[in-house]
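Novice: Structure file query_14.pdb, PDB, C-alpha atoms, is pasted below:
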```pdb
ATOM      1  CA  MET A   1    -113.109  27.320 -30.223
ATOM      2  CA  LEU A   2    -109.389  26.813 -29.951
ATOM      3  CA  ARG A   3    -108.398  24.446 -27.148
ATOM      4  CA  LEU A   4    -104.757  23.542 -26.571
ATOM      5  CA  ASP A   5    -103.585  20.420 -24.752
ATOM      6  CA  LEU A   6    -100.708  21.661 -22.596
ATOM      7  CA  SER A   7    -100.118  18.443 -20.634
ATOM      8  CA  GLU A   8     -96.655  17.816 -22.100
ATOM      9  CA  ILE A   9     -95.594  21.470 -21.853
ATOM     10  CA  VAL A  10     -96.666  21.590 -18.188
ATOM     11  CA  ARG A  11     -94.540  18.478 -17.431
ATOM     12  CA  THR A  12     -91.413  19.593 -19.343
ATOM     13  CA  ILE A  13     -89.411  22.568 -18.064
ATOM     14  CA  GLY A  14     -88.079  24.692 -20.916
ATOM     15  CA  MET A  15     -90.512  23.332 -23.496
ATOM     16  CA  GLN A  16     -92.157  25.784 -25.873
ATOM     17  CA  GLN A  17     -94.866  25.160 -28.435
ATOM     18  CA  VAL A  18     -96.131  27.654 -31.015
ATOM     19  CA  TYR A  19     -99.762  27.416 -32.128
ATOM     20  CA  GLU A  20    -101.414  29.126 -35.070
ATOM     21  CA  ILE A  21    -104.670  30.972 -34.389
ATOM     22  CA  SER A  22    -107.163  30.831 -37.250
ATOM     23  CA  ASP A  23    -110.774  31.149 -36.111
ATOM     24  CA  PRO A  24    -113.728  32.139 -38.303
ATOM     25  CA  PRO A  25    -115.821  35.175 -37.231
ATOM     26  CA  TYR A  26    -117.764  34.576 -34.010
ATOM     27  CA  ALA A  27    -119.351  36.364 -31.056
ATOM     28  CA  GLU A  28    -117.901  35.854 -27.575
ATOM     29  CA  ASP A  29    -119.942  37.361 -24.709
ATOM     30  CA  ASP A  30    -119.507  41.115 -25.203
ATOM     31  CA  VAL A  31    -117.157  41.050 -28.215
ATOM     32  CA  GLU A  32    -118.248  40.351 -31.790
ATOM     33  CA  PHE A  33    -115.451  39.325 -34.163
ATOM     34  CA  VAL A  34    -116.717  40.114 -37.690
ATOM     35  CA  SER A  35    -113.645  38.908 -39.555
ATOM     36  CA  PRO A  36    -111.432  35.849 -39.018
ATOM     37  CA  VAL A  37    -109.153  35.922 -35.973
ATOM     38  CA  VAL A  38    -105.646  35.198 -37.278
ATOM     39  CA  GLY A  39    -102.360  35.101 -35.365
ATOM     40  CA  ARG A  40    -100.145  32.889 -33.260
ATOM     41  CA  ILE A  41     -99.460  32.111 -29.629
ATOM     42  CA  ALA A  42     -96.368  30.574 -28.022
ATOM     43  CA  VAL A  43     -96.765  28.700 -24.730
ATOM     44  CA  THR A  44     -93.596  28.149 -22.681
ATOM     45  CA  ASN A  45     -92.857  26.320 -19.418
ATOM     46  CA  SER A  46     -90.192  28.384 -17.621
ATOM     47  CA  GLY A  47     -90.130  26.127 -14.567
ATOM     48  CA  LYS A  48     -92.241  28.148 -12.150
ATOM     49  CA  LEU A  49     -94.419  29.883 -14.738
ATOM     50  CA  LEU A  50     -96.430  28.980 -17.800
ATOM     51  CA  LEU A  51     -95.980  31.860 -20.261
ATOM     52  CA  ALA A  52     -98.439  32.621 -23.066
ATOM     53  CA  ARG A  53     -97.200  35.189 -25.601
ATOM     54  CA  GLY A  54     -98.637  36.019 -28.987
ATOM     55  CA  HIS A  55    -100.695  38.323 -31.165
ATOM     56  CA  PHE A  56    -103.696  38.296 -33.448
ATOM     57  CA  ASP A  57    -105.472  40.487 -35.992
ATOM     58  CA  THR A  58    -109.201  40.739 -36.575
ATOM     59  CA  THR A  59    -112.070  43.194 -36.963
ATOM     60  CA  ILE A  60    -114.575  43.752 -34.167
ATOM     61  CA  GLU A  61    -117.960  45.437 -34.215
ATOM     62  CA  MET A  62    -118.479  48.416 -31.898
ATOM     63  CA  GLU A  63    -121.060  51.176 -31.490
ATOM     64  CA  CYS A  64    -120.479  54.744 -32.640
ATOM     65  CA  ALA A  65    -120.006  56.929 -29.558
ATOM     66  CA  ARG A  66    -122.409  59.576 -30.915
ATOM     67  CA  CYS A  67    -125.166  57.851 -32.895
ATOM     68  CA  LEU A  68    -124.864  54.212 -31.726
ATOM     69  CA  ALA A  69    -124.555  52.891 -35.304
ATOM     70  CA  ASP A  70    -122.515  49.726 -35.819
ATOM     71  CA  VAL A  71    -118.861  50.402 -36.674
ATOM     72  CA  ARG A  72    -116.328  47.825 -37.820
ATOM     73  CA  GLN A  73    -112.995  48.436 -36.100
ATOM     74  CA  PRO A  74    -109.770  46.720 -37.272
ATOM     75  CA  LEU A  75    -107.836  45.399 -34.295
ATOM     76  CA  HIS A  76    -104.317  44.168 -33.597
ATOM     77  CA  ALA A  77    -103.909  42.735 -30.102
ATOM     78  CA  GLU A  78    -101.016  41.309 -28.125
ATOM     79  CA  ILE A  79    -101.364  38.407 -25.709
ATOM     80  CA  GLU A  80     -98.936  38.359 -22.800
ATOM     81  CA  GLU A  81     -99.970  36.257 -19.806
ATOM     82  CA  GLN A  82     -98.282  34.132 -17.167
ATOM     83  CA  TYR A  83     -99.656  31.505 -14.803
ATOM     84  CA  SER A  84     -97.980  29.828 -11.839
ATOM     85  CA  LEU A  85     -96.950  26.205 -12.037
ATOM     86  CA  SER A  86     -96.776  24.113  -8.901
ATOM     87  CA  GLU A  87     -96.475  20.451  -8.052
ATOM     88  CA  VAL A  88     -99.609  18.940  -6.557
ATOM     89  CA  ASN A  89    -100.460  15.486  -5.262
ATOM     90  CA  ALA A  90    -102.225  13.485  -7.922
ATOM     91  CA  PRO A  91    -104.776  10.875  -6.836
ATOM     92  CA  GLY A  92    -103.564   7.431  -7.806
ATOM     93  CA  PHE A  93     -99.945   8.526  -8.221
ATOM     94  CA  ASN A  94     -97.073   8.136  -5.762
ATOM     95  CA  ASP A  95     -95.465  11.392  -6.737
ATOM     96  CA  HIS A  96     -96.315  14.978  -7.466
ATOM     97  CA  VAL A  97     -97.417  16.208 -10.874
ATOM     98  CA  PRO A  98     -97.129  19.783 -12.164
ATOM     99  CA  ALA A  99    -100.348  21.794 -12.375
ATOM    100  CA  ILE A 100    -101.444  25.309 -13.256
ATOM    101  CA  VAL A 101    -102.517  27.029 -10.035
ATOM    102  CA  PRO A 102    -103.879  30.489  -9.219
ATOM    103  CA  ASP A 103    -101.725  32.739  -7.081
ATOM    104  CA  GLU A 104    -101.984  36.145  -5.428
ATOM    105  CA  GLU A 105    -100.506  38.038  -8.384
ATOM    106  CA  ASN A 106    -102.174  36.274 -11.309
ATOM    107  CA  GLU A 107    -105.816  35.330 -11.160
ATOM    108  CA  ILE A 108    -106.880  32.706 -13.688
ATOM    109  CA  PRO A 109    -109.906  33.819 -15.739
ATOM    110  CA  GLU A 110    -112.946  31.583 -15.531
ATOM    111  CA  GLY A 111    -113.045  29.012 -18.312
ATOM    112  CA  LEU A 112    -109.400  29.452 -19.360
ATOM    113  CA  PHE A 113    -108.137  26.108 -18.052
ATOM    114  CA  GLU A 114    -109.820  22.759 -17.763
ATOM    115  CA  GLY A 115    -107.038  20.693 -16.230
ATOM    116  CA  THR A 116    -104.216  21.167 -18.729
ATOM    117  CA  LEU A 117    -106.517  22.171 -21.614
ATOM    118  CA  MET A 118    -106.309  25.892 -22.405
ATOM    119  CA  ASN A 119    -109.264  27.677 -24.041
ATOM    120  CA  VAL A 120    -107.408  30.297 -26.107
ATOM    121  CA  ASN A 121    -110.662  32.119 -26.933
ATOM    122  CA  VAL A 122    -110.715  33.418 -23.331
ATOM    123  CA  LEU A 123    -107.302  35.039 -23.878
ATOM    124  CA  ILE A 124    -108.380  36.393 -27.272
ATOM    125  CA  ARG A 125    -111.510  37.978 -25.759
ATOM    126  CA  GLN A 126    -109.499  39.602 -22.943
ATOM    127  CA  ALA A 127    -106.850  40.952 -25.309
ATOM    128  CA  ALA A 128    -109.512  42.284 -27.705
ATOM    129  CA  ILE A 129    -111.285  44.168 -24.907
ATOM    130  CA  LEU A 130    -108.013  45.678 -23.665
ATOM    131  CA  SER A 131    -106.811  46.622 -27.176
ATOM    132  CA  ALA A 132    -110.094  48.052 -28.489
ATOM    133  CA  PRO A 133    -110.444  51.829 -28.474
ATOM    134  CA  LEU A 134    -112.700  53.233 -25.761
ATOM    135  CA  SER A 135    -114.914  54.915 -28.335
ATOM    136  CA  VAL A 136    -115.172  55.063 -32.117
ATOM    137  CA  LEU A 137    -117.109  57.252 -34.539
ATOM    138  CA  CYS A 138    -118.948  56.033 -37.620
ATOM    139  CA  ARG A 139    -117.520  59.105 -39.367
ATOM    140  CA  GLU A 140    -115.649  62.235 -38.278
ATOM    141  CA  ASP A 141    -118.655  64.547 -38.730
ATOM    142  CA  CYS A 142    -121.182  62.276 -36.985
ATOM    143  CA  ALA A 143    -124.016  64.483 -35.679
ATOM    144  CA  GLY A 144    -125.155  61.979 -33.054
ATOM    145  CA  LEU A 145    -128.631  61.524 -31.616
ATOM    146  CA  CYS A 146    -131.217  64.197 -30.924
ATOM    147  CA  PRO A 147    -131.361  64.706 -27.149
ATOM    148  CA  SER A 148    -135.125  65.370 -27.354
ATOM    149  CA  CYS A 149    -136.464  62.494 -29.400
ATOM    150  CA  GLY A 150    -133.450  60.213 -29.889
ATOM    151  CA  ASN A 151    -133.578  60.315 -33.708
ATOM    152  CA  ASN A 152    -130.312  59.890 -35.567
ATOM    153  CA  LYS A 153    -129.413  63.400 -36.746
ATOM    154  CA  ASN A 154    -127.194  61.926 -39.495
ATOM    155  CA  SER A 155    -130.301  60.823 -41.388
ATOM    156  CA  GLY A 156    -131.680  64.373 -41.736
ATOM    157  CA  THR A 157    -132.923  67.247 -39.639
ATOM    158  CA  CYS A 158    -134.745  66.586 -36.424
ATOM    159  CA  SER A 159    -138.363  67.714 -36.366
ATOM    160  CA  CYS A 160    -138.695  68.030 -32.607
ATOM    161  CA  ALA A 161    -139.153  71.794 -32.684
ATOM    162  CA  PRO A 162    -140.757  73.875 -35.444
ATOM    163  CA  ASP A 163    -137.651  76.034 -35.806
ATOM    164  CA  GLY A 164    -135.386  72.965 -36.089
ATOM    165  CA  THR A 165    -133.626  73.585 -32.759
ATOM    166  CA  ASN A 166    -133.304  70.915 -30.126
ATOM    167  CA  ARG A 167    -135.143  71.460 -26.884
ATOM    168  CA  PRO A 168    -134.146  68.646 -24.545
ATOM    169  CA  PHE A 169    -136.650  69.608 -21.838
ATOM    170  CA  ALA A 170    -139.536  70.627 -24.119
ATOM    171  CA  ALA A 171    -141.712  67.701 -23.031
ATOM    172  CA  LEU A 172    -141.152  68.330 -19.308
ATOM    173  CA  PRO A 173    -144.056  70.793 -18.729
ATOM    174  CA  GLU A 174    -146.482  68.326 -20.291
ATOM    175  CA  LEU A 175    -145.238  65.553 -17.995
ATOM    176  CA  PHE A 176    -145.851  67.753 -14.940
ATOM    177  CA  ARG A 177    -149.422  68.502 -16.138
ATOM    178  CA  GLN A 178    -150.111  64.763 -16.496
ATOM    179  CA  GLU A 179    -148.732  63.849 -13.073
ATOM    180  CA  PRO A 180    -151.449  62.095 -11.033
ATOM    181  CA  THR A 181    -152.510  63.727  -7.776
ATOM    182  CA  ASP A 182    -153.016  61.615  -4.681
TER     183      ASP A 182
END
```
Mind converting the file's structure to structure tokens?
Specialist:
Amino acid sequence: MLRLDLSEIVRTIGMQQVYEISDPPYAEDDVEFVSPVVGRIAVTNSGKLLLARGHFDTTIEMECARCLADVRQPLHAEIEEQYSLSEVNAPGFNDHVPAIVPDEENEIPEGLFEGTLMNVNVLIRQAAILSAPLSVLCREDCAGLCPSCGNNKNSGTCSCAPDGTNRPFAALPELFRQEPTD
């Protein structure tokens, strides 16, 4: 988990720091990174905004849209986020200190900031979800699943019907015969 201490950047207008991203494969909620996550991110204090810009490359695991088999998908993602900076009263201090605050335009994702510590994995997860294709195929000629029995048709012919055809509602008459009467 990559955590960045941004306390000095938050205090210094115009300061920029570039960080290298190099995480081993890991699973994060609904995204599984199956190869190392490698890239870089630059964090800049522009005065009113904290800017996070960068990119990373990795491979994620997705499901085939037809047969639900696991597919490894190479991914290049861009990170481009901004968060409002504002001066707040600090307990024990006589003056105001800069802080990262949510505003109407930019909501801060849960777990991204802990004070001035930034959890970069939250940004990586978001960027991966936005950059991933909506659907992938394990192969171009993927036959998908049998609508009757759910067997993977890529592994051979489906034996749901004697003539080899699919009959999605073939079991329906039997279900009606078994329906309990009250």
Novice: May I ask which of the residues A:Pro25, A:Gly150, A:Gly47, A:Gly39 is the closest one to Thr12 (chain A), counting only C-alpha atoms?
Specialist: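 Of the candidates, the smallest distance to Thr12 (chain A) is held by A:Gly47.
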Novice: Rank A:Thr116, A:Thr59, A:Thr44, A:Ser155 by their smallest atom-to-atom distance to Glu81 (chain A), using only C-alpha atoms, and report the top residue only.
Specialist: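 Among A:Thr116, A:Thr59, A:Thr44, A:Ser155, it is A:Thr44 that comes nearest to Glu81 (chain A).
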Novice: Expanded to explicit residues, what is the PyMOL selection byres ((chain A and resi 135-139) around 10) for this file, as a VMD selection string?
Specialist: chain A and resid 62 to 73 132 to 134 140 to 144
Novice: Emit the selected residues as a PDB file, keeping the file's coordinate frame, including C-alpha atoms.
Specialist:
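Generated output (result.pdb):
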```
ATOM      1  CA  MET A  62    -118.479  48.416 -31.898  1.00  0.00           C
ATOM      2  CA  GLU A  63    -121.060  51.176 -31.490  1.00  0.00           C
ATOM      3  CA  CYS A  64    -120.479  54.744 -32.640  1.00  0.00           C
ATOM      4  CA  ALA A  65    -120.006  56.929 -29.558  1.00  0.00           C
ATOM      5  CA  ARG A  66    -122.409  59.576 -30.915  1.00  0.00           C
ATOM      6  CA  CYS A  67    -125.166  57.851 -32.895  1.00  0.00           C
ATOM      7  CA  LEU A  68    -124.864  54.212 -31.726  1.00  0.00           C
ATOM      8  CA  ALA A  69    -124.555  52.891 -35.304  1.00  0.00           C
ATOM      9  CA  ASP A  70    -122.515  49.726 -35.819  1.00  0.00           C
ATOM     10  CA  VAL A  71    -118.861  50.402 -36.674  1.00  0.00           C
ATOM     11  CA  ARG A  72    -116.328  47.825 -37.820  1.00  0.00           C
ATOM     12  CA  GLN A  73    -112.995  48.436 -36.100  1.00  0.00           C
ATOM     13  CA  ALA A 132    -110.094  48.052 -28.489  1.00  0.00           C
ATOM     14  CA  PRO A 133    -110.444  51.829 -28.474  1.00  0.00           C
ATOM     15  CA  LEU A 134    -112.700  53.233 -25.761  1.00  0.00           C
ATOM     16  CA  GLU A 140    -115.649  62.235 -38.278  1.00  0.00           C
ATOM     17  CA  ASP A 141    -118.655  64.547 -38.730  1.00  0.00           C
ATOM     18  CA  CYS A 142    -121.182  62.276 -36.985  1.00  0.00           C
ATOM     19  CA  ALA A 143    -124.016  64.483 -35.679  1.00  0.00           C
ATOM     20  CA  GLY A 144    -125.155  61.979 -33.054  1.00  0.00           C
TER      21      GLY A 144
END
```
Novice: Using the chain letters and numbers from this file, what does the PyMOL selection byres ((chain A and resi 2) around 7) select? Give the answer as a list in words.
Specialist: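 Evaluating the PyMOL selection byres ((chain A and resi 2) around 7) on these coordinates yields Met1, Arg3, Leu4, Asn119, Val120 and Asn121 of chain A.
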Novice: Looking at all atoms listed in the file, which of A:Val37, A:Ala42, A:Ile60, A:Leu50 is the one that sits closest to Ile124 (chain A)?
Specialist: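 Comparing A:Val37, A:Ala42, A:Ile60, A:Leu50 against Ile124 (chain A), the winner is A:Val37.
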Novice: Using only C-alpha atoms, can you list as a PyMOL selection string the residues within 8 Å of (-99.3, 20.6, -17.5)?
Specialist: chain A and resi 6-11+98-100+115-116
Novice: Can you measure CA of Asp23 (chain A) to CA of Ser131 (chain A) for me? One decimal in Å is fine.
Specialist: 18.3 Å
Novice: Take CA of Gly54 (chain A) and CA of Ser35 (chain A) and report the distance between them in Å, one decimal.
Specialist: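 Value for the CA of Gly54 (chain A)-CA of Ser35 (chain A) distance: 18.6 Å.
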